[in-house]
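Okay, protein_34.cif is below, mmCIF, C-alpha atoms and all ligand atoms:
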```
data_my_file
#
loop_
_atom_site.label_atom_id
_atom_site.label_comp_id
_atom_site.auth_asym_id
_atom_site.auth_seq_id
_atom_site.Cartn_x
_atom_site.Cartn_y
_atom_site.Cartn_z
CA MET W 18 0.00 0.00 0.00
CA GLU W 19 1.17 3.55 -0.82
CA LEU W 20 0.91 6.41 1.64
CA PHE W 21 -1.80 8.94 0.77
CA ASP W 22 0.52 11.64 -0.49
CA VAL W 23 -0.67 14.88 1.12
CA TYR W 24 2.54 16.25 2.63
CA PRO W 25 5.36 17.92 0.68
CA LEU W 26 8.30 16.47 2.63
CA TYR W 27 11.79 17.72 3.36
CA ASP W 28 14.30 14.96 2.69
CA VAL W 29 15.33 14.51 6.34
CA GLU W 30 14.45 11.63 8.64
CA PRO W 31 14.86 12.28 12.35
CA VAL W 32 15.47 9.11 14.32
CA LYS W 33 16.54 10.53 17.66
CA ALA W 34 16.12 13.77 19.59
CA TYR W 35 17.08 15.36 22.88
CA GLY W 36 16.46 18.84 24.31
CA SER W 37 16.31 21.21 21.35
CA ARG W 38 18.36 18.95 19.06
CA VAL W 39 17.19 16.37 16.51
CA VAL W 40 19.43 13.72 14.94
CA ASP W 41 18.71 12.26 11.49
CA LYS W 42 19.32 8.73 10.21
CA ASN W 43 22.76 9.75 8.92
CA GLY W 44 23.80 10.97 12.35
CA ILE W 45 23.53 14.67 11.42
CA GLU W 46 22.38 16.86 14.30
CA TYR W 47 19.90 19.72 13.76
CA LEU W 48 18.95 22.67 15.92
CA ASP W 49 15.18 22.47 16.36
CA LEU W 50 13.65 25.95 16.17
CA TYR W 51 10.34 24.50 15.03
CA GLY W 52 9.45 21.98 17.75
CA GLY W 53 7.63 19.75 15.25
CA HIS W 54 5.13 22.58 14.58
CA GLY W 55 5.08 24.08 18.07
CA VAL W 56 4.44 20.75 19.76
CA ILE W 57 7.65 20.21 21.71
CA SER W 58 7.25 22.24 24.90
CA ILE W 59 9.57 20.63 27.47
CA GLY W 60 12.26 19.53 25.01
CA HIS W 61 12.69 16.22 23.21
CA SER W 62 13.03 13.05 25.31
CA HIS W 63 13.05 14.86 28.65
CA PRO W 64 14.18 12.19 31.21
CA HIS W 65 11.31 12.91 33.63
CA TYR W 66 8.75 12.66 30.80
CA VAL W 67 10.28 9.42 29.49
CA LYS W 68 10.37 7.88 32.98
CA ARG W 69 6.76 8.86 33.77
CA LEU W 70 5.53 7.34 30.49
CA GLU W 71 7.58 4.15 30.88
CA GLU W 72 6.27 3.64 34.42
CA GLN W 73 2.68 4.25 33.34
CA LEU W 74 2.99 1.87 30.38
CA GLU W 75 4.13 -0.85 32.76
CA LYS W 76 0.87 -0.39 34.73
CA ILE W 77 -1.93 0.41 32.26
CA GLY W 78 -1.89 2.33 28.98
CA PHE W 79 -5.55 2.59 28.10
CA TYR W 80 -9.06 1.86 29.23
CA SER W 81 -12.30 3.45 28.10
CA ASN W 82 -14.14 6.50 29.44
CA ALA W 83 -16.77 4.17 30.90
CA VAL W 84 -14.69 3.64 34.05
CA GLN W 85 -12.89 5.80 36.63
CA ASN W 86 -9.49 7.25 35.69
CA SER W 87 -8.07 9.35 38.49
CA LEU W 88 -5.23 10.57 36.25
CA GLN W 89 -7.82 12.71 34.44
CA ARG W 90 -8.83 14.37 37.71
CA GLU W 91 -5.20 14.87 38.67
CA LEU W 92 -4.54 16.50 35.30
CA ALA W 93 -7.59 18.78 35.55
CA GLU W 94 -6.51 19.89 39.01
CA LYS W 95 -2.91 20.56 38.00
CA LEU W 96 -3.88 22.34 34.76
CA GLY W 97 -6.38 24.51 36.65
CA LYS W 98 -3.71 25.51 39.12
CA VAL W 99 -0.89 26.19 36.63
CA SER W 100 -3.12 28.08 34.16
CA GLY W 101 -5.12 30.14 36.67
CA TYR W 102 -8.41 28.48 35.62
CA ASN W 103 -9.12 26.43 38.76
CA ASP W 104 -12.87 26.99 38.53
CA TYR W 105 -13.17 25.74 34.91
CA GLN W 106 -14.03 22.19 33.76
CA LEU W 107 -11.82 20.05 31.50
CA PHE W 108 -12.87 17.85 28.59
CA LEU W 109 -10.05 15.74 27.16
CA CYS W 110 -9.64 14.78 23.51
CA ASN W 111 -6.80 14.01 21.10
CA SER W 112 -5.89 16.98 18.89
CA GLY W 113 -6.29 20.69 18.28
CA ALA W 114 -9.00 20.34 15.66
CA GLU W 115 -10.94 18.04 17.95
CA ALA W 116 -10.63 20.53 20.83
CA ASN W 117 -12.07 23.29 18.62
CA GLU W 118 -14.74 20.97 17.22
CA ASN W 119 -15.93 20.23 20.75
CA ALA W 120 -15.65 23.88 21.78
CA LEU W 121 -17.87 24.99 18.88
CA LYS W 122 -20.32 22.19 19.53
CA LEU W 123 -20.59 23.20 23.19
CA ALA W 124 -21.22 26.83 22.22
CA SER W 125 -23.99 25.70 19.91
CA PHE W 126 -25.54 23.39 22.53
CA TYR W 127 -25.39 26.16 25.13
CA THR W 128 -26.89 28.96 23.03
CA GLY W 129 -29.16 26.88 20.78
CA LYS W 130 -27.71 28.87 17.84
CA SER W 131 -25.32 27.97 15.02
CA ARG W 132 -23.58 30.91 13.29
CA VAL W 133 -19.94 31.47 14.22
CA ILE W 134 -17.77 34.58 13.88
CA ALA W 135 -14.14 33.84 12.99
CA PHE W 136 -11.27 35.96 11.70
CA ASN W 137 -9.43 36.52 8.44
CA ASN W 138 -6.30 34.36 8.22
CA GLY W 139 -7.34 32.26 11.24
CA PHE W 140 -6.56 28.55 11.44
CA HIS W 141 -8.48 26.17 13.71
CA GLY W 142 -7.98 22.69 12.23
CA ARG W 143 -9.25 20.39 9.50
CA THR W 144 -12.31 18.63 10.92
CA SER W 145 -15.87 19.65 10.09
CA ALA W 146 -16.66 22.78 12.12
CA ALA W 147 -12.99 23.58 12.77
CA VAL W 148 -12.20 23.82 9.06
CA THR W 149 -15.37 25.80 8.41
CA VAL W 150 -14.12 28.53 10.76
CA THR W 151 -10.63 28.38 9.21
CA ASP W 152 -9.95 31.07 6.61
CA ASN W 153 -8.49 28.90 3.85
CA ILE W 154 -10.73 27.95 0.94
CA VAL W 155 -8.22 25.34 -0.34
CA ILE W 156 -8.69 22.98 2.61
CA LYS W 157 -12.52 23.12 2.66
CA ALA W 158 -14.57 20.45 0.91
CA PRO W 159 -18.11 21.20 -0.34
CA LEU W 160 -19.33 19.22 2.69
CA ASN W 161 -17.89 21.91 4.98
CA ALA W 162 -20.03 24.62 3.37
CA GLN W 163 -23.07 23.53 5.39
CA GLN W 164 -22.07 25.44 8.53
CA SER W 165 -22.62 29.14 8.84
CA VAL W 166 -19.57 31.32 9.48
CA THR W 167 -18.75 35.00 9.05
CA PHE W 168 -15.12 36.12 8.75
CA LEU W 169 -14.06 39.53 10.01
CA PRO W 170 -10.74 41.38 10.13
CA LEU W 171 -8.93 41.43 13.48
CA ASN W 172 -9.68 44.54 15.58
CA ALA W 173 -12.89 45.34 13.63
CA ILE W 174 -15.02 45.79 16.71
CA GLU W 175 -17.82 47.78 15.01
CA SER W 176 -18.33 45.04 12.37
CA LEU W 177 -18.31 42.45 15.13
CA LYS W 178 -20.96 44.38 17.06
CA LYS W 179 -23.19 44.53 13.95
CA GLU W 180 -22.92 40.74 13.55
CA VAL W 181 -23.61 39.72 17.16
CA GLU W 182 -26.56 42.15 17.34
CA LYS W 183 -28.33 39.99 14.73
CA GLY W 184 -28.92 37.45 17.53
CA ASP W 185 -28.04 34.23 15.66
CA VAL W 186 -24.39 33.87 16.70
CA CYS W 187 -23.38 31.03 19.03
CA ALA W 188 -19.64 31.70 19.23
CA VAL W 189 -16.73 33.90 18.37
CA ILE W 190 -13.58 31.85 17.86
CA ILE W 191 -10.19 33.52 17.79
CA GLU W 192 -6.52 32.58 18.17
CA ALA W 193 -4.82 34.61 20.88
CA ILE W 194 -1.96 35.02 18.39
CA GLN W 195 -2.45 33.67 14.87
CA GLY W 196 -0.08 30.79 14.10
CA VAL W 197 -0.36 29.44 10.57
CA GLY W 198 -1.77 32.81 9.39
CA GLY W 199 1.41 34.67 10.33
CA LEU W 200 1.60 35.83 13.97
CA ASP W 201 -0.96 38.66 13.86
CA GLU W 202 -2.70 39.49 17.12
CA GLY W 203 -5.73 41.53 18.15
CA SER W 204 -5.08 44.58 20.34
CA THR W 205 -5.83 44.54 24.06
CA THR W 206 -8.64 47.06 23.47
CA PHE W 207 -10.13 44.73 20.88
CA PHE W 208 -9.94 41.63 23.10
CA LYS W 209 -11.53 43.51 26.00
CA GLN W 210 -14.37 44.86 23.83
CA LEU W 211 -14.83 41.41 22.34
CA GLU W 212 -15.30 39.96 25.82
CA VAL W 213 -17.82 42.66 26.76
CA LEU W 214 -19.82 42.17 23.54
CA CYS W 215 -19.90 38.37 23.93
CA ASN W 216 -21.17 38.73 27.51
CA GLU W 217 -23.75 41.34 26.51
CA PHE W 218 -25.20 39.27 23.64
CA GLY W 219 -24.86 35.80 25.21
CA VAL W 220 -22.25 34.68 22.67
CA ILE W 221 -19.62 32.13 23.73
CA LEU W 222 -16.07 33.44 23.41
CA ILE W 223 -13.68 30.64 22.38
CA LEU W 224 -9.96 31.31 22.63
CA ASP W 225 -7.98 28.90 20.47
CA GLU W 226 -4.74 28.45 22.44
CA VAL W 227 -3.81 25.23 20.62
CA GLN W 228 -0.53 26.76 19.48
CA SER W 229 -0.13 29.83 21.72
CA GLY W 230 -0.96 28.06 25.00
CA TYR W 231 1.10 26.10 27.48
CA GLY W 232 3.60 28.86 28.25
CA ARG W 233 4.84 29.35 24.71
CA THR W 234 4.28 33.12 24.68
CA GLY W 235 5.67 33.83 28.16
CA LYS W 236 2.33 33.49 29.95
CA PHE W 237 0.45 30.21 30.34
CA PHE W 238 -2.14 31.48 27.85
CA ALA W 239 -1.43 34.29 25.38
CA HIS W 240 -4.87 35.86 26.00
CA GLN W 241 -3.72 36.49 29.59
CA TYR W 242 -1.69 39.42 28.20
CA HIS W 243 -5.06 41.12 27.58
CA GLY W 244 -6.70 40.49 30.96
CA ILE W 245 -9.74 38.63 29.59
CA ARG W 246 -11.42 35.37 30.68
CA PRO W 247 -13.00 33.51 27.74
CA ASP W 248 -15.90 31.08 28.15
CA ILE W 249 -13.97 28.27 26.47
CA ILE W 250 -10.25 27.71 25.81
CA SER W 251 -8.93 25.02 23.47
CA VAL W 252 -5.48 23.47 23.97
CA ALA W 253 -3.38 20.76 22.32
CA LYS W 254 0.14 20.99 20.82
CA GLY W 255 2.42 21.68 23.82
CA MET W 256 0.12 19.79 26.16
CA GLY W 257 1.61 16.33 25.59
CA ASN W 258 5.03 17.23 24.13
CA GLY W 259 4.21 15.00 21.17
CA PHE W 260 1.89 12.51 22.81
CA PRO W 261 -1.46 13.21 21.10
CA ILE W 262 -3.75 14.99 23.56
CA GLY W 263 -6.05 18.00 23.37
CA GLY W 264 -8.37 19.65 25.83
CA VAL W 265 -11.24 22.08 26.24
CA LEU W 266 -11.34 24.31 29.33
CA ILE W 267 -14.96 25.20 29.99
CA ALA W 268 -16.34 28.01 32.20
CA PRO W 269 -18.53 26.94 35.16
CA HIS W 270 -21.76 28.42 33.72
CA ILE W 271 -21.66 25.86 30.87
CA LYS W 272 -23.12 22.74 32.47
CA PRO W 273 -22.39 19.21 31.20
CA ASN W 274 -24.86 16.42 30.63
CA TYR W 275 -24.23 12.76 29.86
CA GLY W 276 -23.50 12.08 26.21
CA MET W 277 -23.07 15.76 25.28
CA LEU W 278 -19.45 15.13 24.25
CA GLY W 279 -17.45 11.92 24.06
CA THR W 280 -14.38 10.15 22.69
CA THR W 281 -12.83 6.69 22.75
CA PHE W 282 -9.18 7.65 23.14
CA GLY W 283 -9.40 11.07 24.80
CA GLY W 284 -7.97 11.27 28.32
CA ASN W 285 -6.40 7.80 28.30
CA HIS W 286 -3.82 6.86 30.94
CA LEU W 287 -0.76 7.45 28.79
CA ALA W 288 -2.00 10.78 27.44
CA CYS W 289 -2.81 12.06 30.94
CA THR W 290 0.58 10.93 32.21
CA ALA W 291 2.35 12.73 29.36
CA ALA W 292 0.33 15.89 30.07
CA LEU W 293 1.04 15.68 33.82
CA ALA W 294 4.76 15.24 33.20
CA VAL W 295 4.72 18.29 30.89
CA LEU W 296 3.10 20.49 33.57
CA GLU W 297 5.48 19.19 36.24
CA ILE W 298 8.48 20.14 34.09
CA ILE W 299 7.03 23.52 33.05
CA GLU W 300 6.70 24.37 36.75
CA LYS W 301 9.95 22.87 38.01
CA GLU W 302 12.12 24.39 35.28
CA ASN W 303 10.30 27.77 35.12
CA LEU W 304 9.79 27.30 31.40
CA ILE W 305 7.21 30.07 31.08
CA ASP W 306 9.78 32.61 32.33
CA ASN W 307 12.38 31.04 30.05
CA ALA W 308 10.06 31.44 27.04
CA ARG W 309 9.61 35.13 27.84
CA ASN W 310 13.31 35.80 28.52
CA ILE W 311 14.68 33.89 25.54
CA GLY W 312 12.02 35.45 23.31
CA ASP W 313 13.19 38.92 24.37
CA TYR W 314 16.80 37.91 23.79
CA PHE W 315 15.95 36.57 20.33
CA THR W 316 14.18 39.77 19.32
CA ALA W 317 16.98 41.98 20.64
CA ARG W 318 19.66 39.95 18.83
CA ILE W 319 17.92 39.63 15.49
CA ASN W 320 16.43 43.08 15.03
CA HIS W 321 19.61 44.63 13.68
CA LEU W 322 19.71 42.44 10.53
CA PHE W 323 18.66 44.88 7.83
CA GLU W 324 16.83 42.28 5.66
CA ILE W 325 14.29 41.90 8.45
CA ASN W 326 11.11 43.97 8.29
CA LYS W 327 9.91 43.04 11.75
CA VAL W 328 9.75 40.36 14.42
CA LYS W 329 6.17 39.38 15.31
CA GLY W 330 4.69 37.37 18.17
CA ARG W 331 5.62 36.90 21.80
CA GLY W 332 7.91 34.68 23.85
CA LEU W 333 8.86 31.63 21.78
CA MET W 334 5.97 31.96 19.33
CA LEU W 335 7.75 34.22 16.88
CA GLY W 336 7.68 35.18 13.22
CA VAL W 337 10.59 36.87 11.51
CA GLU W 338 9.35 38.82 8.50
CA PHE W 339 11.88 39.39 5.71
CA ASP W 340 11.60 41.56 2.63
CA PHE W 341 11.74 38.42 0.44
CA GLU W 342 10.02 34.99 0.34
CA VAL W 343 11.73 32.60 2.74
CA SER W 344 11.28 29.14 1.17
CA LYS W 345 14.85 29.08 -0.24
CA LEU W 346 16.27 30.37 3.03
CA ARG W 347 14.42 27.62 4.95
CA LYS W 348 15.89 24.98 2.64
CA ARG W 349 19.41 26.36 3.11
CA LEU W 350 18.87 26.46 6.86
CA ILE W 351 17.90 22.78 6.88
CA TYR W 352 20.22 21.25 4.31
CA GLU W 353 23.34 23.42 4.74
CA GLU W 354 23.12 24.72 8.28
CA HIS W 355 21.04 21.98 9.90
CA ILE W 356 18.47 24.23 11.53
CA PHE W 357 14.72 23.54 11.46
CA THR W 358 12.41 26.57 11.14
CA GLY W 359 8.77 26.94 10.06
CA GLY W 360 6.88 28.71 7.27
CA ALA W 361 3.52 30.51 7.27
CA LYS W 362 0.67 31.55 4.96
CA ASN W 363 2.62 34.82 4.69
CA LYS W 364 5.46 33.58 2.48
CA LYS W 365 7.92 36.19 3.80
CA LEU W 366 7.66 34.93 7.35
CA LEU W 367 9.98 32.46 9.06
CA ARG W 368 8.30 30.90 12.07
CA ILE W 369 10.27 30.18 15.23
CA LEU W 370 8.60 27.72 17.64
CA PRO W 371 11.42 26.03 19.58
CA PRO W 372 11.14 23.91 22.72
CA LEU W 373 10.56 26.18 25.73
CA THR W 374 13.79 24.84 27.22
CA ILE W 375 15.96 26.49 24.57
CA ASP W 376 18.90 28.64 25.69
CA LYS W 377 20.77 31.73 24.51
CA THR W 378 23.58 29.70 22.90
CA ALA W 379 21.08 28.15 20.47
CA ILE W 380 19.68 31.60 19.61
CA ASP W 381 23.24 32.88 19.03
CA GLN W 382 23.89 29.94 16.71
CA PHE W 383 20.79 30.83 14.68
CA VAL W 384 21.45 34.57 14.48
CA ASN W 385 25.11 34.03 13.54
CA THR W 386 24.03 31.57 10.85
CA LEU W 387 21.51 34.04 9.43
CA GLU W 388 24.14 36.79 9.39
CA HIS W 389 26.41 34.55 7.37
CA LEU W 390 23.64 33.35 4.99
CA LEU W 391 22.33 36.83 4.32
CA VAL W 392 25.68 38.28 3.31
CA PRO W 393 25.23 39.35 -0.36
CA ASN W 394 27.30 37.23 -2.78
C1 LIG H 401 -4.26 27.60 16.34
C2 LIG H 401 -4.48 26.19 15.89
N1 LIG H 401 -5.66 25.61 16.13
C3 LIG H 401 -5.90 24.33 15.76
C4 LIG H 401 -4.95 23.58 15.12
C5 LIG H 401 -5.24 22.17 14.72
O1 LIG H 401 -4.55 21.29 15.52
P1 LIG H 401 -4.35 19.75 15.09
O2 LIG H 401 -3.44 19.75 13.90
O3 LIG H 401 -3.78 19.10 16.32
O4 LIG H 401 -5.71 19.22 14.75
C6 LIG H 401 -3.70 24.15 14.86
C7 LIG H 401 -2.65 23.37 14.15
O5 LIG H 401 -1.69 23.89 13.61
C8 LIG H 401 -3.46 25.49 15.23
O6 LIG H 401 -2.28 26.09 15.00
#
```

Render the structure in this file as structure tokens.
Ligand SMILES: Cc1ncc(COP(=O)(O)O)c(C=O)c1O
Amino acid sequence: MELFDVYPLYDVEPVKAYGSRVVDKNGIEYLDLYGGHGVISIGHSHPHYVKRLEEQLEKIGFYSNAVQNSLQRELAEKLGKVSGYNDYQLFLCNSGAEANENALKLASFYTGKSRVIAFNNGFHGRTSAAVTVTDNIVIKAPLNAQQSVTFLPLNAIESLKKEVEKGDVCAVIIEAIQGVGGLDEGSTTFFKQLEVLCNEFGVILILDEVQSGYGRTGKFFAHQYHGIRPDIISVAKGMGNGFPIGGVLIAPHIKPNYGMLGTTFGGNHLACTAALAVLEIIEKENLIDNARNIGDYFTARINHLFEINKVKGRGLMLGVEFDFEVSKLRKRLIYEEHIFTGGAKNKKLLRILPPLTIDKTAIDQFVNTLEHLLVPN
């Protein structure tokens, strides 16, 4: 059987990884400034994470959601404490798209309505409702046209007001900082007005923190820079450091009932153990502070390169915008310099999403490499 060929692949095969380094099958070591698409939070193969998973696997790896699993409660408690959302409820699933799918479904159940407001350039995943609220026509099948969504520009509060006043909106979904779209972010004024409008018109505010959450931006959640409290928060990527897990944090006024949501694999023993180990390491190693400090260091070091238009984002969720398209530069970085970086919908943007454990030496290596690559021939 052939693989269903949907990914344009770089010709590199990682077989081993540690910290912020990845080693390919030829023994070549790479600096990982991409974290496998913002997934690696605590670094590759962290010994505490490996030990926790090995020990759990020896006991029990999986059983269904029809029986008690105290690891889920432990995770909810720990996540509530670390994130500042102690009074919220947690639903566990397996990916970012699934987290958003469940978030949107909950908003619709709660309000009895179905139209969603989303934002230009936003990305929320590839499943049914998640892809509908994603601003990319290429990845939507005709089947996805059945749901009702209105796209608005970021910061367009007056347009947003006009839409929610119509009374048929169940949710506004927004990334705290746009990832795939290219690191744009609403202003604090906008986020605050958005929260007020959602409360006033009974609309559920969903913050997609799938990429920006889990300390990546220098706070546990990027929306915490704006002093708002959404009704629902979706998480995934950094949550399991590569073990597939996603979650929905749900405000106390949204009440559950049996059968409302469900999943076979979500919240299994191994996934919860991975997620617990991640939170333990984030706390113990002060990784949220590290993300903020190293992010500041990165921005200060790179800003002087004259080919750079600007550095976008916060902490270790960064985009470096050049005055040229970066695909060739990314290839040179991988094949010649052995550094992984990411791309975006904005073709001039290099995305930097390293493990939150990264240090200044690695940033120096990257900046020095760029200086040398950007020297005109
Ligand atoms: C902000 C955001 N939401 C949702 C998703 C979808 O997550 P997944 O690929 O785990 O379904 C992504 C993935 O890149 C994302 O960046």

Per residue of chain W within 8 Å of ligand LIG 401 (chain H), which atom pair is closest and at what distance in Å (one decimal), using all atoms listed in the file, listed by chain and increasing number, as JSON lines?
```
{"residue": "W:His54", "atom": "CA", "partner": "H:LIG401", "partner_atom": "O5", "distance": 7.0}
{"residue": "W:Asn111", "atom": "CA", "partner": "H:LIG401", "partner_atom": "O3", "distance": 7.6}
{"residue": "W:Ser112", "atom": "CA", "partner": "H:LIG401", "partner_atom": "O3", "distance": 3.9}
{"residue": "W:Gly113", "atom": "CA", "partner": "H:LIG401", "partner_atom": "O1", "distance": 3.3}
{"residue": "W:Ala114", "atom": "CA", "partner": "H:LIG401", "partner_atom": "O4", "distance": 3.6}
{"residue": "W:Glu115", "atom": "CA", "partner": "H:LIG401", "partner_atom": "O4", "distance": 6.2}
{"residue": "W:Ala116", "atom": "CA", "partner": "H:LIG401", "partner_atom": "C3", "distance": 7.9}
{"residue": "W:Asn117", "atom": "CA", "partner": "H:LIG401", "partner_atom": "C3", "distance": 6.9}
{"residue": "W:Gly139", "atom": "CA", "partner": "H:LIG401", "partner_atom": "C1", "distance": 7.6}
{"residue": "W:Phe140", "atom": "CA", "partner": "H:LIG401", "partner_atom": "C2", "distance": 5.4}
{"residue": "W:His141", "atom": "CA", "partner": "H:LIG401", "partner_atom": "N1", "distance": 3.8}
{"residue": "W:Gly142", "atom": "CA", "partner": "H:LIG401", "partner_atom": "C5", "distance": 3.7}
{"residue": "W:Arg143", "atom": "CA", "partner": "H:LIG401", "partner_atom": "O4", "distance": 6.4}
{"residue": "W:Thr144", "atom": "CA", "partner": "H:LIG401", "partner_atom": "O4", "distance": 7.7}
{"residue": "W:Ala147", "atom": "CA", "partner": "H:LIG401", "partner_atom": "C3", "distance": 7.7}
{"residue": "W:Glu192", "atom": "CA", "partner": "H:LIG401", "partner_atom": "C1", "distance": 5.8}
{"residue": "W:Gln195", "atom": "CA", "partner": "H:LIG401", "partner_atom": "C1", "distance": 6.5}
{"residue": "W:Gly196", "atom": "CA", "partner": "H:LIG401", "partner_atom": "O6", "distance": 5.3}
{"residue": "W:Val197", "atom": "CA", "partner": "H:LIG401", "partner_atom": "O6", "distance": 5.9}
{"residue": "W:Asp225", "atom": "CA", "partner": "H:LIG401", "partner_atom": "C1", "distance": 5.7}
{"residue": "W:Glu226", "atom": "CA", "partner": "H:LIG401", "partner_atom": "C1", "distance": 6.2}
{"residue": "W:Val227", "atom": "CA", "partner": "H:LIG401", "partner_atom": "N1", "distance": 4.9}
{"residue": "W:Gln228", "atom": "CA", "partner": "H:LIG401", "partner_atom": "O6", "distance": 4.9}
{"residue": "W:Ser229", "atom": "CA", "partner": "H:LIG401", "partner_atom": "C1", "distance": 7.1}
{"residue": "W:Ala253", "atom": "CA", "partner": "H:LIG401", "partner_atom": "O3", "distance": 6.2}
{"residue": "W:Lys254", "atom": "CA", "partner": "H:LIG401", "partner_atom": "O3", "distance": 6.3}
{"residue": "W:Pro261", "atom": "CA", "partner": "H:LIG401", "partner_atom": "O3", "distance": 7.9}
{"residue": "W:Gly263", "atom": "CA", "partner": "H:LIG401", "partner_atom": "O3", "distance": 7.5}
```

* Considering only C-alpha atoms, state which residue in the set W:Leu333, W:Asp313, W:Leu74, W:Ser125 is at the smallest distance from W:Ile194. =>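 Nearest candidate to W:Ile194 out of W:Leu333, W:Asp313, W:Leu74, W:Ser125: W:Leu333.
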
* To do: Select, from W:Pro31, W:Gly332, W:Pro247, W:Gly44, the residue with the minimum atom-to-atom distance to W:Cys215, counting only C-alpha atoms.
  =>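 Among the listed residues, the smallest separation from W:Cys215 belongs to W:Pro247.
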
* Asked: Given the choices W:Gln89, W:Asn320, W:Thr378, W:Thr205, which gets closest to W:Cys110 if the distance is worked out from only C-alpha atoms?
  ->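 Ranked by minimum distance to W:Cys110, first place goes to W:Gln89.
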
* For each of W:Leu26, W:Leu346, W:Ile190, W:Phe136, take the minimum atom-to-atom distance to W:Leu169, counting all atoms listed in the file, then give the residue where this is smallest. =>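 Residue with the minimum atom-to-atom distance to W:Leu169: W:Phe136.
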
* Which of these, W:Ala294, W:Val166, W:Ile250, W:Asn43, has the shortest distance to W:Ala268 once you count all atoms listed in the file? ->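 For W:Ala268, the nearest of the given residues is W:Ile250.
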
* Selection near W:Pro170, 9 Å with all atoms listed in the file, sequence-local residues under 5 positions removed, as JSON, numbers by chain -> {"W": [135, 136, 137, 138, 176]}

To box stretch 386-393 of chain W, take all atoms listed in the file, fit an axis-aligned box, add 4 Å on each side, and give centre and edge lengths in Å to one decimal, as AutoDock Vina command-line options.
```
--center_x 24.0 --center_y 35.5 --center_z 5.2 --size_x 12.9 --size_y 15.8 --size_z 19.2
```

* **All residues 8 Å or closer to W:Arg331, only C-alpha atoms, same chain fewer than 6 positions away omitted, as a VMD selection string** => chain W and resid 234 to 235 309 312

* **Pairwise distance for atom CA of W:Ser131 and atom CA of W:Cys187, rounded to one decimal in Å** => 5.4 Å
